[in-house]
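Structure first, then comments.
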Amino acid sequence: MLFSLNDATVVRPGGEVVLRDLTWEVRAGEITAIVGPTASGKTTLIETLLGRHRLSAGSIELPAGTIGFVSFKEDSRQFRYAGHYYQQRFEFADTDEPLLLVDYLRANSNATDSDVTVAARLLGVEAQLPLSFMKLSNGQTRRARIARALLQKPDWLFLDDPFMGLDVAGRETLIASLGELAHTGTKLLLVCPADSIPHWTTHVLALDAGRVQYAGERQSYVVQQSAITQRATGVALTTEAVVELYDVTVRHGGKAILSGVNWTVRRGERWALIGPNGAGKTTLLSLICGDHPQAFSNDVRLFGTRRGHGETIWDVKRRIGFVSPEFHLYFTESLSGFEAAATGFHDTLLYREPTATQADAVRELFAAFHADHLRERPFRQMSTGQQRVVLLIRALVKRPPMLILDEPFQGFDLGTTERVRAWLDANLTSEQTLIFVAHNPNDVPRSVVQTLRLDEGRVKV
């Protein structure tokens with residue numbers, strides 16, 4: 001037996017029971033995937049095995065040896081999101097000495113140049129080695145962090161939802177890479193969605209509300225998931241353009257990130273923006289949201305006004321509701337769930353007391369998403385999925401003319417995804433424009449009927 005828990009209970013300092021009477025063991029040769037809905041206790045279980053939580057009842061035998069842990073957010077001596085702001089990702093001259101990926105991977109290890117190259121190649125980020133760590137896409141960042149963990153040569157590798165934010169090809173590549181590690185003897189434990197359990201895992205631990213629902217062999221674990229095959233149509237269109245991009249090109253270090261992109265989005269339209277990791281989707285959205293300085297050197301028009309003709313970034317942002325995995329990383333304020341969501345009325349990360357009408361709008365959305373229990377909880381004490389629910393509410397609260405939802409369902413369980421997607425289909429008005437980024441086609445709301453595909457910075461027909 002490698003480690004075990006026996007009738008283990010974990011209680012938060014405020015008294016909330018997160019894990020209850022949990023009995024589970026992992027034996028030599030087993031590779032377990034931990035699954036369960038949002039807030040089921042998956043991450044808390046991993047953190048308990050890392051020694052970060054003490055048991056209030058029961059017993060535990062911790063894993064022996066060193067553990068490499070990769071969670072959602074990088075927070076190390078090398079890089080802290082709290083020390084940066086979101087727009088820095090696009091301000092290429094803002095930092096004189098940026099942290100390069102190659103230096104990030106090499107830090108605190110005895111890795112040789114060859115070791116770094118091999119790990120980067122295994123995780124599919126070799127081409128990004130000379131780039132700034134901050135400039136990597138969401139999927140590239142996650143793969144880079146796994147490569148860095150490997151270079152520490154741990155006895156164990158604990159991965160908290162490693163496939164989050166990866167496109168289909170990137171997910172398959174990572175699954176193959178991790179499978180190769182498992183085959184060569186690396187002891188793995190991972191948290192992942194129930195519909196993304198890798199074929200090379202041997203066992204599954206399913207949690208719900210802090211209790212074990214299933215613990216056994218993967219082959220015996222059956223995942224129930226409803227297939228979505230229809231797309232609704234009938235959104236009323238107008239001739240008024242809210243986004244106009246004409247031959248837009250963005251370069252960094254001589255490399256074109258976007259090349260000759262032309263795109264018009266009209267009021268009330270529903271668009272899916274798709275493409276592999278590194279295709280240029282985040283850069284394209286940063287031009288629309290007013291975060292990218294190269295918007296001023298391109299023909300970018302928002303709500304009929306070309307950027308650089310007198311409007312401020314706040315004039316742009318007040319008409320847009322926005323959420324993305326990258327924005328989530330930079331949301332580090334000490335706020336409650338209600339306060340974090342209410343910052344969406346003012347497009348800042350600082351809380352201002354909402355009006356009575358605004359407060360009612362926030363509470364209405366928490367209720368609609370079955371998240372009333374998160375209103376008073378500190379944002380920093382929530383699971384990743386719970387934080388994503390709050391930030392999505394933040395994007396929706398002011399009922400903006402345009403919504404830009406970049407992978408909004410990352411970290412959601414299937415039930416929450418279905419509930420929120422249904423809400424978007426039923427509650428967005430015919431006047432609201434939606435741009436929805438997703439790697440999983442089943443995440444796209446039914447009302448989305450138009451698609452822009454990007455690959456290597458170019459529009460693909």
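To be explicit about the labels: the chains of the structure tokens are called A, B, and onward in the order shown, and within each one the residues are counted from 1, while ligands get numbers from 1 in the order they are shown.
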Inset, instruction - Please report, as an NGL selection string, each residue of segment 365-449 of chain A to which DSSP assigns alpha helix (DSSP H) when run on this structure's backbone. - result: :A and (365-368 or 384-396 or 414-427)
Long-range neighbours of segment 200-210 of chain A as an mmCIF file with N, CA and C atoms, in the first residue's frame, 6 Å cut-off, only C-alpha atoms, 3 positions minimum in chain:
```
data_model
loop_
_atom_site.group_PDB
_atom_site.id
_atom_site.type_symbol
_atom_site.label_atom_id
_atom_site.label_comp_id
_atom_site.auth_asym_id
_atom_site.auth_seq_id
_atom_site.Cartn_x
_atom_site.Cartn_y
_atom_site.Cartn_z
ATOM 1 N N VAL A 18 -15.458 19.430 4.757
ATOM 2 C CA VAL A 18 -15.139 19.307 3.337
ATOM 3 C C VAL A 18 -15.010 17.842 2.924
ATOM 4 N N LEU A 19 -14.389 17.034 3.758
ATOM 5 C CA LEU A 19 -14.302 15.588 3.542
ATOM 6 C C LEU A 19 -14.869 14.896 4.773
ATOM 7 N N ARG A 20 -15.689 13.865 4.544
ATOM 8 C CA ARG A 20 -16.364 13.231 5.680
ATOM 9 C C ARG A 20 -16.223 11.704 5.602
ATOM 10 N N GLU A 30 -1.083 1.220 -9.053
ATOM 11 C CA GLU A 30 -2.365 1.860 -9.347
ATOM 12 C C GLU A 30 -2.165 3.327 -9.732
ATOM 13 N N ILE A 31 -2.916 3.764 -10.717
ATOM 14 C CA ILE A 31 -2.946 5.174 -11.110
ATOM 15 C C ILE A 31 -4.401 5.616 -11.032
ATOM 16 N N THR A 32 -4.691 6.521 -10.117
ATOM 17 C CA THR A 32 -6.082 6.880 -9.822
ATOM 18 C C THR A 32 -6.430 8.255 -10.363
ATOM 19 N N ALA A 33 -7.609 8.337 -10.966
ATOM 20 C CA ALA A 33 -8.215 9.613 -11.346
ATOM 21 C C ALA A 33 -9.299 9.946 -10.330
ATOM 22 N N ILE A 34 -9.237 11.145 -9.764
ATOM 23 C CA ILE A 34 -10.238 11.609 -8.805
ATOM 24 C C ILE A 34 -11.234 12.480 -9.549
ATOM 25 N N VAL A 35 -12.520 12.129 -9.483
ATOM 26 C CA VAL A 35 -13.548 12.854 -10.210
ATOM 27 C C VAL A 35 -14.655 13.258 -9.250
ATOM 28 N N GLY A 36 -15.520 14.152 -9.730
ATOM 29 C CA GLY A 36 -16.646 14.583 -8.916
ATOM 30 C C GLY A 36 -17.098 15.965 -9.313
ATOM 31 N N SER A 40 -16.815 19.120 -4.631
ATOM 32 C CA SER A 40 -17.010 17.793 -4.042
ATOM 33 C C SER A 40 -15.896 17.414 -3.081
ATOM 34 N N GLY A 41 -14.789 18.191 -3.080
ATOM 35 C CA GLY A 41 -13.695 17.923 -2.162
ATOM 36 C C GLY A 41 -12.452 17.367 -2.834
ATOM 37 N N GLN A 213 -18.284 8.221 -3.491
ATOM 38 C CA GLN A 213 -19.397 7.640 -4.225
ATOM 39 C C GLN A 213 -18.981 6.359 -4.950
ATOM 40 N N TYR A 214 -17.712 6.296 -5.303
ATOM 41 C CA TYR A 214 -17.178 5.107 -5.972
ATOM 42 C C TYR A 214 -15.682 5.066 -5.739
ATOM 43 N N ALA A 215 -15.161 3.879 -5.516
ATOM 44 C CA ALA A 215 -13.713 3.682 -5.421
ATOM 45 C C ALA A 215 -13.425 2.289 -5.939
ATOM 46 N N GLY A 216 -12.789 2.212 -7.107
ATOM 47 C CA GLY A 216 -12.536 0.904 -7.691
ATOM 48 C C GLY A 216 -11.873 1.009 -9.044
ATOM 49 N N GLU A 217 -11.925 -0.063 -9.795
ATOM 50 C CA GLU A 217 -11.269 -0.115 -11.080
ATOM 51 C C GLU A 217 -11.969 0.772 -12.106
ATOM 52 N N ARG A 218 -11.140 1.364 -12.988
ATOM 53 C CA ARG A 218 -11.692 2.262 -13.996
ATOM 54 C C ARG A 218 -12.682 1.546 -14.915
#
```
Inset, instruction - List the neighbours of segment 179-181 of chain A out to 9 Å using only C-alpha atoms; skip same-chain residues closer than 5 positions along the sequence, and give me the result as a PyMOL selection string. - result: chain A and resi 174+186-188+198-201
Grab the residues selected above and save them as a PDB file, in the first residue's frame with all heavy atoms.
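Generated output (out02.pdb):
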```pdb
ATOM      1  N   LEU A 174      -1.081  15.702 -24.301  1.00  0.00           N
ATOM      2  CA  LEU A 174      -0.750  15.620 -22.881  1.00  0.00           C
ATOM      3  C   LEU A 174      -1.103  14.252 -22.315  1.00  0.00           C
ATOM      4  O   LEU A 174      -0.345  13.682 -21.514  1.00  0.00           O
ATOM      5  CB  LEU A 174      -1.463  16.723 -22.109  1.00  0.00           C
ATOM      6  CG  LEU A 174      -1.178  16.767 -20.603  1.00  0.00           C
ATOM      7  CD1 LEU A 174       0.319  16.868 -20.332  1.00  0.00           C
ATOM      8  CD2 LEU A 174      -1.903  17.941 -19.953  1.00  0.00           C
ATOM      9  N   THR A 186       6.698   6.712 -13.370  1.00  0.00           N
ATOM     10  CA  THR A 186       6.297   7.872 -12.570  1.00  0.00           C
ATOM     11  C   THR A 186       4.960   7.590 -11.903  1.00  0.00           C
ATOM     12  O   THR A 186       4.003   7.176 -12.552  1.00  0.00           O
ATOM     13  CB  THR A 186       6.179   9.125 -13.456  1.00  0.00           C
ATOM     14  OG1 THR A 186       7.433   9.386 -14.079  1.00  0.00           O
ATOM     15  CG2 THR A 186       5.776  10.339 -12.623  1.00  0.00           C
ATOM     16  N   LYS A 187       4.879   7.811 -10.601  1.00  0.00           N
ATOM     17  CA  LYS A 187       3.638   7.582  -9.869  1.00  0.00           C
ATOM     18  C   LYS A 187       2.755   8.822 -10.006  1.00  0.00           C
ATOM     19  O   LYS A 187       3.140   9.923  -9.590  1.00  0.00           O
ATOM     20  CB  LYS A 187       3.940   7.271  -8.396  1.00  0.00           C
ATOM     21  CG  LYS A 187       4.692   5.947  -8.202  1.00  0.00           C
ATOM     22  CD  LYS A 187       4.745   5.518  -6.756  1.00  0.00           C
ATOM     23  CE  LYS A 187       5.742   6.323  -5.946  1.00  0.00           C
ATOM     24  NZ  LYS A 187       7.142   5.989  -6.326  1.00  0.00           N
ATOM     25  N   LEU A 188       1.579   8.637 -10.595  1.00  0.00           N
ATOM     26  CA  LEU A 188       0.685   9.748 -10.913  1.00  0.00           C
ATOM     27  C   LEU A 188      -0.608   9.658 -10.119  1.00  0.00           C
ATOM     28  O   LEU A 188      -1.122   8.567  -9.853  1.00  0.00           O
ATOM     29  CB  LEU A 188       0.336   9.748 -12.412  1.00  0.00           C
ATOM     30  CG  LEU A 188       1.462   9.987 -13.410  1.00  0.00           C
ATOM     31  CD1 LEU A 188       0.946   9.795 -14.832  1.00  0.00           C
ATOM     32  CD2 LEU A 188       2.018  11.392 -13.245  1.00  0.00           C
ATOM     33  N   PRO A 198      -8.179   9.475 -18.451  1.00  0.00           N
ATOM     34  CA  PRO A 198      -7.270   8.854 -19.414  1.00  0.00           C
ATOM     35  C   PRO A 198      -7.363   7.327 -19.395  1.00  0.00           C
ATOM     36  O   PRO A 198      -7.636   6.716 -18.356  1.00  0.00           O
ATOM     37  CB  PRO A 198      -5.889   9.323 -18.944  1.00  0.00           C
ATOM     38  CG  PRO A 198      -6.146  10.563 -18.155  1.00  0.00           C
ATOM     39  CD  PRO A 198      -7.462  10.321 -17.483  1.00  0.00           C
ATOM     40  N   HIS A 199      -7.097   6.737 -20.551  1.00  0.00           N
ATOM     41  CA  HIS A 199      -7.224   5.292 -20.680  1.00  0.00           C
ATOM     42  C   HIS A 199      -6.177   4.542 -19.866  1.00  0.00           C
ATOM     43  O   HIS A 199      -6.368   3.367 -19.530  1.00  0.00           O
ATOM     44  CB  HIS A 199      -7.092   4.894 -22.154  1.00  0.00           C
ATOM     45  CG  HIS A 199      -5.754   5.213 -22.745  1.00  0.00           C
ATOM     46  ND1 HIS A 199      -5.446   6.476 -23.239  1.00  0.00           N
ATOM     47  CD2 HIS A 199      -4.627   4.465 -22.907  1.00  0.00           C
ATOM     48  CE1 HIS A 199      -4.196   6.474 -23.685  1.00  0.00           C
ATOM     49  NE2 HIS A 199      -3.688   5.281 -23.493  1.00  0.00           N
ATOM     50  N   TRP A 200      -5.060   5.210 -19.531  1.00  0.00           N
ATOM     51  CA  TRP A 200      -3.998   4.513 -18.825  1.00  0.00           C
ATOM     52  C   TRP A 200      -4.170   4.530 -17.302  1.00  0.00           C
ATOM     53  O   TRP A 200      -3.358   3.954 -16.570  1.00  0.00           O
ATOM     54  CB  TRP A 200      -2.619   5.081 -19.191  1.00  0.00           C
ATOM     55  CG  TRP A 200      -2.566   6.571 -19.364  1.00  0.00           C
ATOM     56  CD1 TRP A 200      -2.537   7.248 -20.548  1.00  0.00           C
ATOM     57  CD2 TRP A 200      -2.521   7.563 -18.327  1.00  0.00           C
ATOM     58  NE1 TRP A 200      -2.482   8.606 -20.327  1.00  0.00           N
ATOM     59  CE2 TRP A 200      -2.472   8.829 -18.980  1.00  0.00           C
ATOM     60  CE3 TRP A 200      -2.520   7.513 -16.943  1.00  0.00           C
ATOM     61  CZ2 TRP A 200      -2.422  10.027 -18.264  1.00  0.00           C
ATOM     62  CZ3 TRP A 200      -2.482   8.697 -16.233  1.00  0.00           C
ATOM     63  CH2 TRP A 200      -2.438   9.932 -16.895  1.00  0.00           C
ATOM     64  N   THR A 201      -5.201   5.192 -16.804  1.00  0.00           N
ATOM     65  CA  THR A 201      -5.468   5.106 -15.364  1.00  0.00           C
ATOM     66  C   THR A 201      -6.014   3.715 -15.051  1.00  0.00           C
ATOM     67  O   THR A 201      -6.631   3.057 -15.898  1.00  0.00           O
ATOM     68  CB  THR A 201      -6.479   6.161 -14.908  1.00  0.00           C
ATOM     69  OG1 THR A 201      -7.695   6.010 -15.644  1.00  0.00           O
ATOM     70  CG2 THR A 201      -5.942   7.565 -15.139  1.00  0.00           C
TER      71      THR A 201
END
```
Inset, instruction - Taking the chain letters and numbering used in this document, name the residues of segment 91-311 of chain A that DSSP puts in strand (DSSP E), as a PyMOL selection string. - result: chain A and resi 156-160+187-191+203-208+211-217+241-252+255-266+270-274+299-302+305-306
Inset, instruction - Might you pull out every residue within 12 Å of Glu339 of chain A, with only C-alpha atoms counted and same-chain residues fewer than 5 positions away left off, and present them as a ChimeraX atom specification? - result: /A:333-334,344-346,348-354,358-359,362-363,366,374-379,390-391,393-394,397
Any chance you could export the current selection's C-alpha atoms as a PDB file, in the first residue's frame?
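Generated file (part_25.pdb):
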```pdb
ATOM      1  CA  GLU A 333      -8.512  40.572  -4.311  1.00  0.00           C
ATOM      2  CA  SER A 334      -9.628  39.691  -0.762  1.00  0.00           C
ATOM      3  CA  GLY A 344     -18.449  43.692 -12.607  1.00  0.00           C
ATOM      4  CA  PHE A 345     -20.640  46.796 -12.452  1.00  0.00           C
ATOM      5  CA  HIS A 346     -17.553  49.041 -12.455  1.00  0.00           C
ATOM      6  CA  THR A 348     -12.386  47.054 -11.905  1.00  0.00           C
ATOM      7  CA  LEU A 349     -11.145  44.553  -9.346  1.00  0.00           C
ATOM      8  CA  LEU A 350     -12.005  46.888  -6.456  1.00  0.00           C
ATOM      9  CA  TYR A 351     -15.312  46.609  -4.622  1.00  0.00           C
ATOM     10  CA  ARG A 352     -17.792  49.480  -4.482  1.00  0.00           C
ATOM     11  CA  GLU A 353     -21.058  49.266  -2.589  1.00  0.00           C
ATOM     12  CA  PRO A 354     -23.741  48.391  -5.194  1.00  0.00           C
ATOM     13  CA  GLN A 358     -27.495  46.109  -8.532  1.00  0.00           C
ATOM     14  CA  ALA A 359     -27.392  44.009  -5.362  1.00  0.00           C
ATOM     15  CA  VAL A 362     -26.153  39.870  -8.167  1.00  0.00           C
ATOM     16  CA  ARG A 363     -28.319  37.792  -5.813  1.00  0.00           C
ATOM     17  CA  PHE A 366     -26.246  33.479  -7.613  1.00  0.00           C
ATOM     18  CA  LEU A 374     -20.959  31.221  -2.261  1.00  0.00           C
ATOM     19  CA  ARG A 375     -22.202  34.787  -1.721  1.00  0.00           C
ATOM     20  CA  GLU A 376     -20.581  35.288   1.679  1.00  0.00           C
ATOM     21  CA  ARG A 377     -17.707  32.839   1.298  1.00  0.00           C
ATOM     22  CA  PRO A 378     -14.241  34.405   0.827  1.00  0.00           C
ATOM     23  CA  PHE A 379     -13.266  34.116  -2.834  1.00  0.00           C
ATOM     24  CA  VAL A 390     -18.479  33.802  -9.355  1.00  0.00           C
ATOM     25  CA  LEU A 391     -16.421  35.373 -12.144  1.00  0.00           C
ATOM     26  CA  ILE A 393     -21.676  36.058 -12.619  1.00  0.00           C
ATOM     27  CA  ARG A 394     -19.371  39.089 -12.530  1.00  0.00           C
ATOM     28  CA  VAL A 397     -24.312  41.299 -13.738  1.00  0.00           C
TER      29      VAL A 397
END
```
Inset, instruction - Write out as a ChimeraX atom specification each polymer residue whose atoms come within 12 Å of Pro276 of chain A, counting only C-alpha atoms; drop sequence neighbours fewer than 3 positions from it. - result: /A:137-140,165-171,273,279-282,437-440,453-458,460
Legend entry - Shortest interatomic distance to Leu101 of chain A - which of A:Met402, A:Val300, A:Ala120, A:Leu424, counting only C-alpha atoms: A:Ala120
Inset, instruction - Kindly give the distance, in Å, that separates atom CA of Ile313 of chain A and atom CA of Ile288 of chain A, rounded to a single decimal. - result: 10.3 Å
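Our summary of the geometry notes that atom CA of Ile320 of chain A is positioned 7.4 Å from atom CA of Cys289 of chain A.
The two atoms in question, atom CA of Asp347 of chain A and atom CA of Val323 of chain A, are spaced 11.3 Å apart.
Within the 6 Å cut-off around segment 242-253 of chain A, using only C-alpha atoms and omitting residues fewer than 5 positions from it on the same chain, the listed residues are Leu258, Ser259, Gly260, Val261, Asn262, Trp263, Thr264, Val265, Arg266, Arg267, Asn298, Asp299, Val300, Arg301, Leu302 and Phe303 of chain A.
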